[in-house]
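The next block holds one structure in the form of structure tokens; read it before the comments.
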Amino acid sequence: MLDLPLIWAGLLALGIFIYVALDGFDLGIGLLFPFLATDEERDTAMNTVAPVWDGNETWLILGGGGLFAAFPLAYAVVMPALYAPFIIMLLALVFRGVAFEYRWRDPTHKRIWDVSFVFGSALATFMQGIVLGTFVQGIEVEGRAYAGGWWDWLTPFTVTVGFALCAGYALLGAGWLVLKTDNALREQAYRFAKRAAISTFVFVVVVSVWTPFLSPEIFTRWFSLPNLYWVAPVPLLTAATAALVAWGIRGQRDTVIYPATLVLLGLCFVGLGVGLTPYIVPRAITIQDAAAPDSSLLFMLVGALLMLPLILGYTAYSYWIFRGKVRPGDGGYH
Amino acid sequence: MFEFFDASMLARLQFAFTVSFHIIFPAFSIGLASYLFVLEGLWLKTDNPVYLNLYKYWLKIFAVAFGMGVVSGLVMSYQFGTNWSVFSDRAGPVIGPLLAYEVLTAFFLEAGFLGIMLFGMERVGKRLHFFATTMVAVGTLLSATWILSVNSWMQTPTGHAVNALGQFVPVDWLAIIFNPSFPYRLVHMTLASYLTVSFVVGGVGAWHLLRNRANPEARKMFSMAMWMATFVAPLQIFAGDLHGLNTLEHQPIKVAAMEGHWERQTGAPFLLFAWPDSAAEENVFELGIPYASALVLTHDIDGETPGLTDVPASDRPPVGLVFWSFRIMLLIGSLMALIGVYSAWLRWRGRLYDTPWLQRAAVWMGPSGFVAVLAGWIVTEVGRQPFTVYGLLRTSDSLAPVDAPAVAASLIAFIVVYFALFGAGTYYIIRMMGETPDGQGPQTGAPQRAAGTTPLASMQPAMNKPTTNTGGA
């Protein structure tokens with residue numbers, strides 16, 4: 001028989017990774033927004049993501065909905081444990097989502113909606129980092145409910161991961177901008193990419209060194225034999241990918257930075273996952289324990305296998321239609 | 001006083017607040033997406049520029065409303081977990097997959113094609129653009145289908161079993177999806193959404209007709225809206241009646257609350273006015289039409305109808321709220337049908353556009369659909385209290401292990417943010433509705449891009465030379 005819970009854990013991880021790949025760069029644009037020199041540059045930067053942003057954000061709904069559907073127990077434990085970060089993230093996404101429309105509707109208050117876009121993007125990213133950090137750090141569970149306090153998610157480690165994710169998304173955003181713009185804006189994006197890359201590399205090292213010391217269990221997972229042979233390639237590949245990102249920035253290779261950054265974040269994802277399996281709520285609830293009954297999982301799997309290729313297909317088609325560089329006041333685009 | 005605001009009550013208020021705000025946007029965008037589909041279809045078929053101008057006009061408004069719907073909906077998908085985690089754990093195996101299907105079949109479809117709909121005309125040509133509009137409209141309807149299936153299962157649960165952990169687990173998916181109240185709720189809500197948009201469109205058309213009777217766009221949209229009022233408003237009353245009879249069969253106590261009937265009785269009156277007193281289990285004052293309720297509900301003057309005292313007080317919903325919301329909905333529905341009849345008469349007499357009385361009434365009725373939708377949802381959601389899964393899981397047993405201060409703080413944050421941001425959005429929408437729909441674009445303070453403004457202004461050239469990629473990939 002198929003191991004449906006494991007398949008769903010894999011699909012969910014894939015969904016979250018696609019979310020990071022897609023919404024990561026448009027949140028990153030929000031993080032870089034205040035550093036752009038002119039209003040025209042901000043307009044152009046926003047127009048590079050305007051036709052695709054809400055499709056990107058739908059993957060976050062899939063993440064929440066998928067966790068609810070496939071692992072209701074995990075959802076029921078994780079949401080109260082991360083109550084404040086989730087609420088703040090959602091409100092921040094409201095601030096940033098409305099800005100896409102409002103700033104064009106109300107030229108006299110454009111500045112307000114620009115601030116709303118920046119502040120919303122930054123706070124949402126930071127809170128996603130907090131959520132990720134809390135997942136690595138662990139969640140206290142008793143019976144079938146969260147048993148920790150209201151502020152357990154706020155620790156030096158989670159805050160560090162929060163800033164780390166901001167650096168990572170900013171790098172994705174810069175990588176996207178060099179792909180989609182030219183001239184002065186592209187040059188500017190390369191300067192952003194350089195700074196974001198340096199911050200990202202530093203944070204990756206700090207978080208990687210810190211993580212094994214969070215719990216003895218994660219430590220053994222990494223440093224006992226024969227595990228070490230299996231996990232050792234992860235940091236090595238991470239270092240190689242970081243070098244690739246640096247090479248792309250140094251040589252101004254437009255098409256290298258975004259994909260290489262994505263691989264880098266993917267490897268970090270795998271690195272964090274090493275300490276997590278077979279749990280879905282770290283060191284408390286396993287994937288198998290949290291899973292919905294097979295009848296639910298199978299019913300959804302049929303839908304997912306039919307729909308996901310279709311979704312990926314028309315999402316790719318939409319990106320294809322809007323391919324190419326976006327220029328200021330680009331008539332064809334608007 | 002303060003024990004009233006325990007975590008449970010605060011969590012309920014928070015859900016009621018966020019979902020009430022949210023429902024306004026989908027109710028609008030479901031109807032508006034279909035309207036845009038009709039407009040673009042008619043433009044392609046007839047080549048009449050009036051349809052294209054109307055399409056451009058309403059697309060801008062759609063973009064803002066849709067954006068607000070997306071972000072307020074995102075909040076909903078996480079709120080099940082933050083405030084109602086026990087419910088999520090118990091009901092997740094049944095409703096989770098339905099919500100997942102909603103995301104997979106509807107949300108991605110809407111979001112994926114919205115970009116093309118708003119920005120893609122020059123890049124894809126008008127046939128593919130129409131396809132994108134169609135997909136967005138289909139997506140909104142699919143979304144309504146799934147979410148109403150979830151809601152209906154919570155009202156009339158079937159097709160499940162309960163496992164050792166107390167979870168509802170699926171046994172028969174078809175019975176779950178097509179549970180007894182689902183078809184009625186789906187029809188009633190879809191029609192409600194169409195009517196809401198019809199009256200918004202009719203109100204905006206009437207507003208501009210009162211200023212310029214000759215404006216072809218205003219005439220066209222007003223006429224289309226009044227056709228809808230003539231045919232759909234009576235249809236909605238019929239569908240609502242069927243939905244009510246279905247509720248009588250499956251949730252008789254909800255119907256007793258809607259009617260304000262405390263005692264099981266035969267030949268019950270329909271109460272036009274009453275002040276229900278839950279402590280005394282009676283109405284302080286009543287004014288009713290004898291036998292009317294019995295006749296409507298049982299199609300028999302001497303038919304027997306349920307009373308609230310059929311069940312213990314702990315199993316009854318708050319009566320006053322349900323009773324009055326139901327009357328507000330009925331009143332608005334009747335006024336809509338009245339406008340439909342009056343406009344049909346004037347149309348027949350050839351005076352549809354020249355009767356300021358009708359136009360003034362239509363302006364006033366512009367936002368009425370939203371009020372009716374909210375009132376209707378209050379009837380059905382408050383009316384099924386005190387249960388989340390009707391008869392099986394109590395609201396008080398569904399709550400997350402949250403403390404009152406945390407829920408209170410987040411509730412205040414939601415109230416402040418929603419009123420500020422969605423208030424601004426509503427203001428922008430109303431301002432756009434104030435612009436004259438003549439295909440000339442806004443006269444003052446022209447937004448430079450905005451979803452829809454410029455891309456559609458350049459639709460005409462796109463008719464001749466479809467698909468050019470000016471971006472240089």
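Residues are referred to by chain and number: the chain letter is A, B, ... according to the order shown in the structure tokens, the number counts from 1 in that chain, and ligands are numbered separately from 1 in the order shown.
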- Message: For a quick test of understanding: name the residues of chain A lying within 7 Å of chain B when counting only C-alpha atoms, and present them as an MDAnalysis selection string.
- Response: chainID A and resid 51:52 54:55 58 61:62 64:66 68:69 72:73 75:76 79:80 83 90 93:94 97:98 101 104:105 107 292:293 295:296 300 303 307 311 314:315 318 321 323:326 332:334
- Task: Within 6 Å of Ala145 (chain A), counting only C-alpha atoms, which residues show up once you throw out same-chain ones fewer than 3 positions away? Write them as a list in words, please.
- Result: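 My list of contacting residues is Val77, Val141 and Glu142 of chain A.
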- Message: Using only C-alpha atoms, which protein or nucleic acid residues come within 9 Å of region 116-128 of chain A? Drop anything in the same chain fewer than 2 positions from it, and give the result as a PyMOL selection string.
- Response: chain A and resi 24+26-34+85-86+88-100+111-114+130-133+159+161-166+169
- Write out as a VMD selection string all residues of region 164-310 of chain A that DSSP puts in strand (DSSP E) for this structure's backbone. chain A and resid 279 to 281 285 to 286
- Task: To one decimal in Å, tell me the separation between CA of Gly159 (chain B) and CA of Ala175 (chain B).
- Result: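 CA of Ala175 (chain B) lies at a distance of 4.8 Å from CA of Gly159 (chain B).
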- Show which residues sit within 12 Å of Phe238 (chain B), as JSON, numbers by chain. Count only C-alpha atoms, and ignore same-chain residues fewer than 4 positions away. {"B": [184, 187, 188, 191, 231, 232, 233, 234, 242, 243, 244, 245, 296, 330, 333, 334, 337]}
Write out the residues from the selection above, keeping N, CA, C and O atoms, as a PDB file, in the first residue's frame.
ATOM      1  N   TYR B 184     -29.362  23.603  -2.438  1.00  0.00           N
ATOM      2  CA  TYR B 184     -30.196  24.774  -2.170  1.00  0.00           C
ATOM      3  C   TYR B 184     -29.335  25.985  -1.832  1.00  0.00           C
ATOM      4  O   TYR B 184     -29.568  27.088  -2.294  1.00  0.00           O
ATOM      5  N   VAL B 187     -27.467  27.343  -4.996  1.00  0.00           N
ATOM      6  CA  VAL B 187     -28.323  28.117  -5.894  1.00  0.00           C
ATOM      7  C   VAL B 187     -28.668  29.463  -5.262  1.00  0.00           C
ATOM      8  O   VAL B 187     -28.566  30.520  -5.898  1.00  0.00           O
ATOM      9  N   HIS B 188     -29.028  29.419  -3.987  1.00  0.00           N
ATOM     10  CA  HIS B 188     -29.458  30.640  -3.296  1.00  0.00           C
ATOM     11  C   HIS B 188     -28.317  31.663  -3.251  1.00  0.00           C
ATOM     12  O   HIS B 188     -28.521  32.850  -3.492  1.00  0.00           O
ATOM     13  N   LEU B 191     -27.344  33.012  -6.883  1.00  0.00           N
ATOM     14  CA  LEU B 191     -28.331  34.007  -7.316  1.00  0.00           C
ATOM     15  C   LEU B 191     -28.170  35.291  -6.515  1.00  0.00           C
ATOM     16  O   LEU B 191     -28.284  36.401  -7.048  1.00  0.00           O
ATOM     17  N   PHE B 231     -36.088  39.189 -13.826  1.00  0.00           N
ATOM     18  CA  PHE B 231     -36.150  37.720 -13.874  1.00  0.00           C
ATOM     19  C   PHE B 231     -35.535  37.025 -12.676  1.00  0.00           C
ATOM     20  O   PHE B 231     -36.048  36.010 -12.209  1.00  0.00           O
ATOM     21  N   VAL B 232     -34.422  37.560 -12.178  1.00  0.00           N
ATOM     22  CA  VAL B 232     -33.696  36.818 -11.140  1.00  0.00           C
ATOM     23  C   VAL B 232     -34.274  37.062  -9.741  1.00  0.00           C
ATOM     24  O   VAL B 232     -34.279  36.167  -8.916  1.00  0.00           O
ATOM     25  N   ALA B 233     -34.782  38.280  -9.479  1.00  0.00           N
ATOM     26  CA  ALA B 233     -35.322  38.532  -8.136  1.00  0.00           C
ATOM     27  C   ALA B 233     -36.485  37.587  -7.793  1.00  0.00           C
ATOM     28  O   ALA B 233     -36.474  36.978  -6.720  1.00  0.00           O
ATOM     29  N   PRO B 234     -37.472  37.416  -8.692  1.00  0.00           N
ATOM     30  CA  PRO B 234     -38.528  36.431  -8.372  1.00  0.00           C
ATOM     31  C   PRO B 234     -37.982  35.005  -8.266  1.00  0.00           C
ATOM     32  O   PRO B 234     -38.396  34.249  -7.385  1.00  0.00           O
ATOM     33  N   LEU B 242     -37.539  27.344  -1.341  1.00  0.00           N
ATOM     34  CA  LEU B 242     -37.119  25.932  -1.347  1.00  0.00           C
ATOM     35  C   LEU B 242     -36.038  25.683  -0.299  1.00  0.00           C
ATOM     36  O   LEU B 242     -36.035  24.665   0.395  1.00  0.00           O
ATOM     37  N   HIS B 243     -35.103  26.643  -0.197  1.00  0.00           N
ATOM     38  CA  HIS B 243     -34.033  26.523   0.793  1.00  0.00           C
ATOM     39  C   HIS B 243     -34.628  26.502   2.201  1.00  0.00           C
ATOM     40  O   HIS B 243     -34.216  25.718   3.059  1.00  0.00           O
ATOM     41  N   GLY B 244     -35.635  27.351   2.421  1.00  0.00           N
ATOM     42  CA  GLY B 244     -36.291  27.395   3.727  1.00  0.00           C
ATOM     43  C   GLY B 244     -36.968  26.070   4.069  1.00  0.00           C
ATOM     44  O   GLY B 244     -36.894  25.587   5.200  1.00  0.00           O
ATOM     45  N   LEU B 245     -37.620  25.470   3.078  1.00  0.00           N
ATOM     46  CA  LEU B 245     -38.289  24.184   3.316  1.00  0.00           C
ATOM     47  C   LEU B 245     -37.263  23.098   3.630  1.00  0.00           C
ATOM     48  O   LEU B 245     -37.490  22.226   4.477  1.00  0.00           O
ATOM     49  N   VAL B 296     -46.892  28.927   4.230  1.00  0.00           N
ATOM     50  CA  VAL B 296     -45.627  28.953   3.495  1.00  0.00           C
ATOM     51  C   VAL B 296     -44.800  27.708   3.792  1.00  0.00           C
ATOM     52  O   VAL B 296     -44.237  27.076   2.897  1.00  0.00           O
ATOM     53  N   LEU B 330     -35.741  39.346   3.807  1.00  0.00           N
ATOM     54  CA  LEU B 330     -37.018  39.242   3.100  1.00  0.00           C
ATOM     55  C   LEU B 330     -37.453  40.584   2.526  1.00  0.00           C
ATOM     56  O   LEU B 330     -37.914  40.671   1.387  1.00  0.00           O
ATOM     57  N   GLY B 333     -35.300  41.451  -0.468  1.00  0.00           N
ATOM     58  CA  GLY B 333     -35.669  40.587  -1.592  1.00  0.00           C
ATOM     59  C   GLY B 333     -36.973  41.055  -2.246  1.00  0.00           C
ATOM     60  O   GLY B 333     -37.098  41.111  -3.475  1.00  0.00           O
ATOM     61  N   SER B 334     -37.935  41.431  -1.410  1.00  0.00           N
ATOM     62  CA  SER B 334     -39.222  41.882  -1.948  1.00  0.00           C
ATOM     63  C   SER B 334     -39.066  43.189  -2.703  1.00  0.00           C
ATOM     64  O   SER B 334     -39.657  43.381  -3.771  1.00  0.00           O
ATOM     65  N   ALA B 337     -37.618  42.537  -6.090  1.00  0.00           N
ATOM     66  CA  ALA B 337     -38.612  42.001  -7.026  1.00  0.00           C
ATOM     67  C   ALA B 337     -39.549  43.114  -7.493  1.00  0.00           C
ATOM     68  O   ALA B 337     -39.942  43.173  -8.665  1.00  0.00           O
TER      69      ALA B 337
END
- Note on the structure: Taken to one decimal, the CA of Met433 (chain B)-CA of Leu32 (chain B) distance is 13.8 Å
- Find the residues around Gly376 (chain B) up to 10 Å (only C-alpha atoms counted), leave out those fewer than 2 positions away in its own chain, and share them as a ChimeraX atom specification. /B:188-189,192,322,325-330,370-374,378-382
Residues from the last selection, all heavy atoms, saved as a short mmCIF file (atom, residue, chain, number, x, y, z; two decimals), in the first residue's frame:
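What landed in selection-v3.cif:
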data_model
loop_
_atom_site.label_atom_id
_atom_site.label_comp_id
_atom_site.auth_asym_id
_atom_site.auth_seq_id
_atom_site.Cartn_x
_atom_site.Cartn_y
_atom_site.Cartn_z
N HIS B 188 -29.03 29.42 -3.99
CA HIS B 188 -29.46 30.64 -3.30
C HIS B 188 -28.32 31.66 -3.25
O HIS B 188 -28.52 32.85 -3.49
CB HIS B 188 -29.91 30.27 -1.88
CG HIS B 188 -30.74 31.32 -1.21
ND1 HIS B 188 -31.73 32.03 -1.84
CD2 HIS B 188 -30.73 31.80 0.07
CE1 HIS B 188 -32.29 32.88 -0.99
NE2 HIS B 188 -31.69 32.77 0.18
N MET B 189 -27.11 31.20 -2.95
CA MET B 189 -25.97 32.11 -2.83
C MET B 189 -25.52 32.63 -4.19
O MET B 189 -25.18 33.81 -4.33
CB MET B 189 -24.81 31.41 -2.11
CG MET B 189 -23.58 32.28 -1.93
SD MET B 189 -23.93 33.74 -0.91
CE MET B 189 -22.65 34.85 -1.47
N ALA B 192 -27.88 35.15 -5.21
CA ALA B 192 -27.70 36.33 -4.36
C ALA B 192 -26.54 37.18 -4.88
O ALA B 192 -26.62 38.40 -4.95
CB ALA B 192 -27.43 35.91 -2.92
N VAL B 322 -31.47 36.24 14.69
CA VAL B 322 -31.90 35.43 13.56
C VAL B 322 -33.22 35.96 13.01
O VAL B 322 -33.39 36.15 11.79
CB VAL B 322 -32.05 33.94 13.98
CG1 VAL B 322 -32.58 33.10 12.83
CG2 VAL B 322 -30.72 33.40 14.48
N SER B 325 -32.66 39.48 11.28
CA SER B 325 -31.86 39.37 10.05
C SER B 325 -32.72 38.77 8.93
O SER B 325 -32.64 39.19 7.77
CB SER B 325 -30.63 38.49 10.28
OG SER B 325 -29.83 39.05 11.27
N PHE B 326 -33.51 37.77 9.29
CA PHE B 326 -34.37 37.12 8.31
C PHE B 326 -35.34 38.14 7.70
O PHE B 326 -35.54 38.18 6.49
CB PHE B 326 -35.13 35.98 8.99
CG PHE B 326 -35.99 35.18 8.06
CD1 PHE B 326 -35.49 34.65 6.88
CD2 PHE B 326 -37.33 34.94 8.37
CE1 PHE B 326 -36.29 33.91 6.02
CE2 PHE B 326 -38.14 34.20 7.52
CZ PHE B 326 -37.62 33.69 6.35
N ARG B 327 -35.90 38.99 8.54
CA ARG B 327 -36.85 39.99 8.04
C ARG B 327 -36.17 41.03 7.14
O ARG B 327 -36.76 41.50 6.16
CB ARG B 327 -37.58 40.66 9.21
CG ARG B 327 -38.88 39.96 9.46
CD ARG B 327 -39.28 39.79 10.89
NE ARG B 327 -40.21 38.68 10.98
CZ ARG B 327 -39.86 37.40 10.99
NH1 ARG B 327 -38.59 37.07 10.90
NH2 ARG B 327 -40.76 36.44 11.05
N ILE B 328 -34.94 41.40 7.49
CA ILE B 328 -34.22 42.36 6.64
C ILE B 328 -34.00 41.76 5.25
O ILE B 328 -34.23 42.38 4.22
CB ILE B 328 -32.87 42.75 7.30
CG1 ILE B 328 -33.14 43.61 8.53
CG2 ILE B 328 -31.97 43.48 6.31
CD1 ILE B 328 -31.92 43.85 9.39
N MET B 329 -33.59 40.47 5.25
CA MET B 329 -33.36 39.80 3.97
C MET B 329 -34.65 39.74 3.15
O MET B 329 -34.66 40.05 1.96
CB MET B 329 -32.80 38.40 4.21
CG MET B 329 -32.51 37.62 2.94
SD MET B 329 -31.86 35.98 3.28
CE MET B 329 -33.34 35.13 3.81
N LEU B 330 -35.74 39.35 3.81
CA LEU B 330 -37.02 39.24 3.10
C LEU B 330 -37.45 40.58 2.53
O LEU B 330 -37.91 40.67 1.39
CB LEU B 330 -38.11 38.75 4.05
CG LEU B 330 -38.07 37.30 4.49
CD1 LEU B 330 -39.32 36.98 5.31
CD2 LEU B 330 -37.97 36.36 3.30
N PHE B 370 -25.67 43.68 -0.73
CA PHE B 370 -24.69 43.34 0.30
C PHE B 370 -25.36 43.17 1.66
O PHE B 370 -25.02 42.26 2.42
CB PHE B 370 -23.61 44.42 0.39
CG PHE B 370 -22.80 44.57 -0.86
CD1 PHE B 370 -22.91 45.68 -1.65
CD2 PHE B 370 -21.94 43.55 -1.25
CE1 PHE B 370 -22.18 45.80 -2.82
CE2 PHE B 370 -21.20 43.66 -2.42
CZ PHE B 370 -21.32 44.80 -3.21
N VAL B 371 -26.30 44.07 1.95
CA VAL B 371 -27.01 43.98 3.22
C VAL B 371 -27.79 42.66 3.29
O VAL B 371 -27.77 41.96 4.30
CB VAL B 371 -27.97 45.19 3.40
CG1 VAL B 371 -28.71 45.09 4.72
CG2 VAL B 371 -27.20 46.49 3.30
N ALA B 372 -28.45 42.32 2.16
CA ALA B 372 -29.24 41.10 2.14
C ALA B 372 -28.34 39.86 2.30
O ALA B 372 -28.68 38.92 3.02
CB ALA B 372 -30.03 41.00 0.83
N VAL B 373 -27.18 39.88 1.64
CA VAL B 373 -26.25 38.74 1.74
C VAL B 373 -25.77 38.58 3.18
O VAL B 373 -25.79 37.47 3.74
CB VAL B 373 -25.04 38.93 0.79
CG1 VAL B 373 -23.91 37.99 1.15
CG2 VAL B 373 -25.47 38.70 -0.66
N LEU B 374 -25.39 39.70 3.80
CA LEU B 374 -24.93 39.61 5.19
C LEU B 374 -26.06 39.13 6.11
O LEU B 374 -25.85 38.26 6.95
CB LEU B 374 -24.43 40.99 5.66
CG LEU B 374 -23.02 41.35 5.23
CD1 LEU B 374 -22.68 42.76 5.69
CD2 LEU B 374 -22.00 40.36 5.81
N ILE B 378 -26.15 35.75 8.36
CA ILE B 378 -26.39 35.78 9.82
C ILE B 378 -27.50 34.81 10.18
O ILE B 378 -27.41 34.06 11.14
CB ILE B 378 -26.71 37.23 10.28
CG1 ILE B 378 -25.44 38.08 10.19
CG2 ILE B 378 -27.26 37.23 11.71
CD1 ILE B 378 -25.65 39.56 10.41
N VAL B 379 -28.56 34.79 9.35
CA VAL B 379 -29.66 33.86 9.61
C VAL B 379 -29.13 32.43 9.66
O VAL B 379 -29.37 31.68 10.61
CB VAL B 379 -30.76 33.97 8.53
CG1 VAL B 379 -31.77 32.83 8.67
CG2 VAL B 379 -31.45 35.32 8.62
N THR B 380 -28.36 32.06 8.65
CA THR B 380 -27.97 30.64 8.56
C THR B 380 -26.87 30.29 9.55
O THR B 380 -26.84 29.18 10.09
CB THR B 380 -27.60 30.27 7.11
OG1 THR B 380 -27.75 28.85 6.97
CG2 THR B 380 -26.20 30.68 6.73
N GLU B 381 -25.96 31.23 9.85
CA GLU B 381 -24.84 30.90 10.74
C GLU B 381 -25.21 31.05 12.22
O GLU B 381 -24.83 30.21 13.03
CB GLU B 381 -23.63 31.79 10.42
CG GLU B 381 -23.02 31.50 9.07
CD GLU B 381 -22.64 30.04 8.90
OE1 GLU B 381 -21.82 29.55 9.69
OE2 GLU B 381 -23.20 29.38 8.01
N VAL B 382 -25.90 32.13 12.56
CA VAL B 382 -26.33 32.27 13.95
C VAL B 382 -27.43 31.25 14.23
O VAL B 382 -27.51 30.68 15.31
CB VAL B 382 -26.81 33.70 14.25
CG1 VAL B 382 -27.31 33.83 15.68
CG2 VAL B 382 -25.67 34.70 14.01
#
- Item | region 161-385 of chain B: residues DSSP assigns to alpha helix (DSSP H), reported as a PyMOL selection string | chain B and resi 173-177+182-211+216-250+252-259+292-298+319-348+356-365+368-383
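Computed from the coordinates, the CA of Leu321 (chain B) to CA of Asp6 (chain B) distance equals 20.1 Å.
Closest approach to Ile339 (chain B) from the set B:Phe270, B:Trp357, B:Tyr57, B:Trp275 is made by B:Trp357, with distances taken over only C-alpha atoms.
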- Which residue gives the smallest distance to Ala242 (chain A) among A:Arg186, A:Arg191, A:Val178, A:Leu171, with only C-alpha atoms counted?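 When distances to Ala242 (chain A) are compared using only C-alpha atoms, the smallest one comes from A:Leu171.
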- For Thr134 (chain A), which residue among A:Leu214, A:Leu60, A:Leu177, A:Ala50 is the nearest when counting only C-alpha atoms?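 Among A:Leu214, A:Leu60, A:Leu177, A:Ala50, it is A:Leu214 that comes nearest to Thr134 (chain A).
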- Item | Shell around Val78 (chain A) at 8 Å using only C-alpha atoms, local window under 3 positions removed, as a list of chain:residue names | A:Ala74, A:Tyr75, A:Ala81, A:Leu82, A:Ile139, A:Tyr146, A:Val281, B:Gly81
- Query: Nearest to Ile287 (chain A): which of A:Arg42, A:Thr48, A:Tyr229, A:Ala70 is it, counting only C-alpha atoms?
  - Reply: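 Checking each of A:Arg42, A:Thr48, A:Tyr229, A:Ala70 against Ile287 (chain A), counting only C-alpha atoms, the winner is A:Ala70.
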- Task: Tell me which protein, DNA and RNA residues are within 10 Å of Phe323 (chain B), counting only C-alpha atoms, leaving out same-chain ones fewer than 3 positions away, and put them as a VMD selection string.
- Result: chain B and resid 254 to 261 271 273 to 276 318 to 320 326 to 328 378 to 379 383
If you keep C-alpha atoms, can you produce a file of those selected residues as a PDB file, in the first residue's frame?
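Done, and the output landed in again19.pdb:
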ATOM      1  CA  LYS B 254     -33.371  27.386  13.015  1.00  0.00           C
ATOM      2  CA  VAL B 255     -36.694  27.865  11.253  1.00  0.00           C
ATOM      3  CA  ALA B 256     -38.456  28.335  14.602  1.00  0.00           C
ATOM      4  CA  ALA B 257     -35.953  31.112  15.407  1.00  0.00           C
ATOM      5  CA  MET B 258     -36.426  32.694  11.958  1.00  0.00           C
ATOM      6  CA  GLU B 259     -40.185  32.695  12.511  1.00  0.00           C
ATOM      7  CA  GLY B 260     -39.987  33.719  16.176  1.00  0.00           C
ATOM      8  CA  HIS B 261     -42.146  30.774  17.182  1.00  0.00           C
ATOM      9  CA  LEU B 271     -44.847  37.580  12.435  1.00  0.00           C
ATOM     10  CA  PHE B 273     -42.873  42.357  14.063  1.00  0.00           C
ATOM     11  CA  ALA B 274     -41.950  40.775  17.395  1.00  0.00           C
ATOM     12  CA  TRP B 275     -39.497  41.238  20.217  1.00  0.00           C
ATOM     13  CA  PRO B 276     -38.290  37.761  21.240  1.00  0.00           C
ATOM     14  CA  PRO B 318     -29.918  33.515  19.803  1.00  0.00           C
ATOM     15  CA  VAL B 319     -33.445  34.237  18.591  1.00  0.00           C
ATOM     16  CA  GLY B 320     -33.648  38.017  18.105  1.00  0.00           C
ATOM     17  CA  PHE B 326     -34.365  37.123   8.310  1.00  0.00           C
ATOM     18  CA  ARG B 327     -36.845  39.994   8.036  1.00  0.00           C
ATOM     19  CA  ILE B 328     -34.218  42.359   6.640  1.00  0.00           C
ATOM     20  CA  ILE B 378     -26.387  35.784   9.821  1.00  0.00           C
ATOM     21  CA  VAL B 379     -29.663  33.859   9.614  1.00  0.00           C
ATOM     22  CA  GLY B 383     -29.365  30.065  13.372  1.00  0.00           C
TER      23      GLY B 383
END
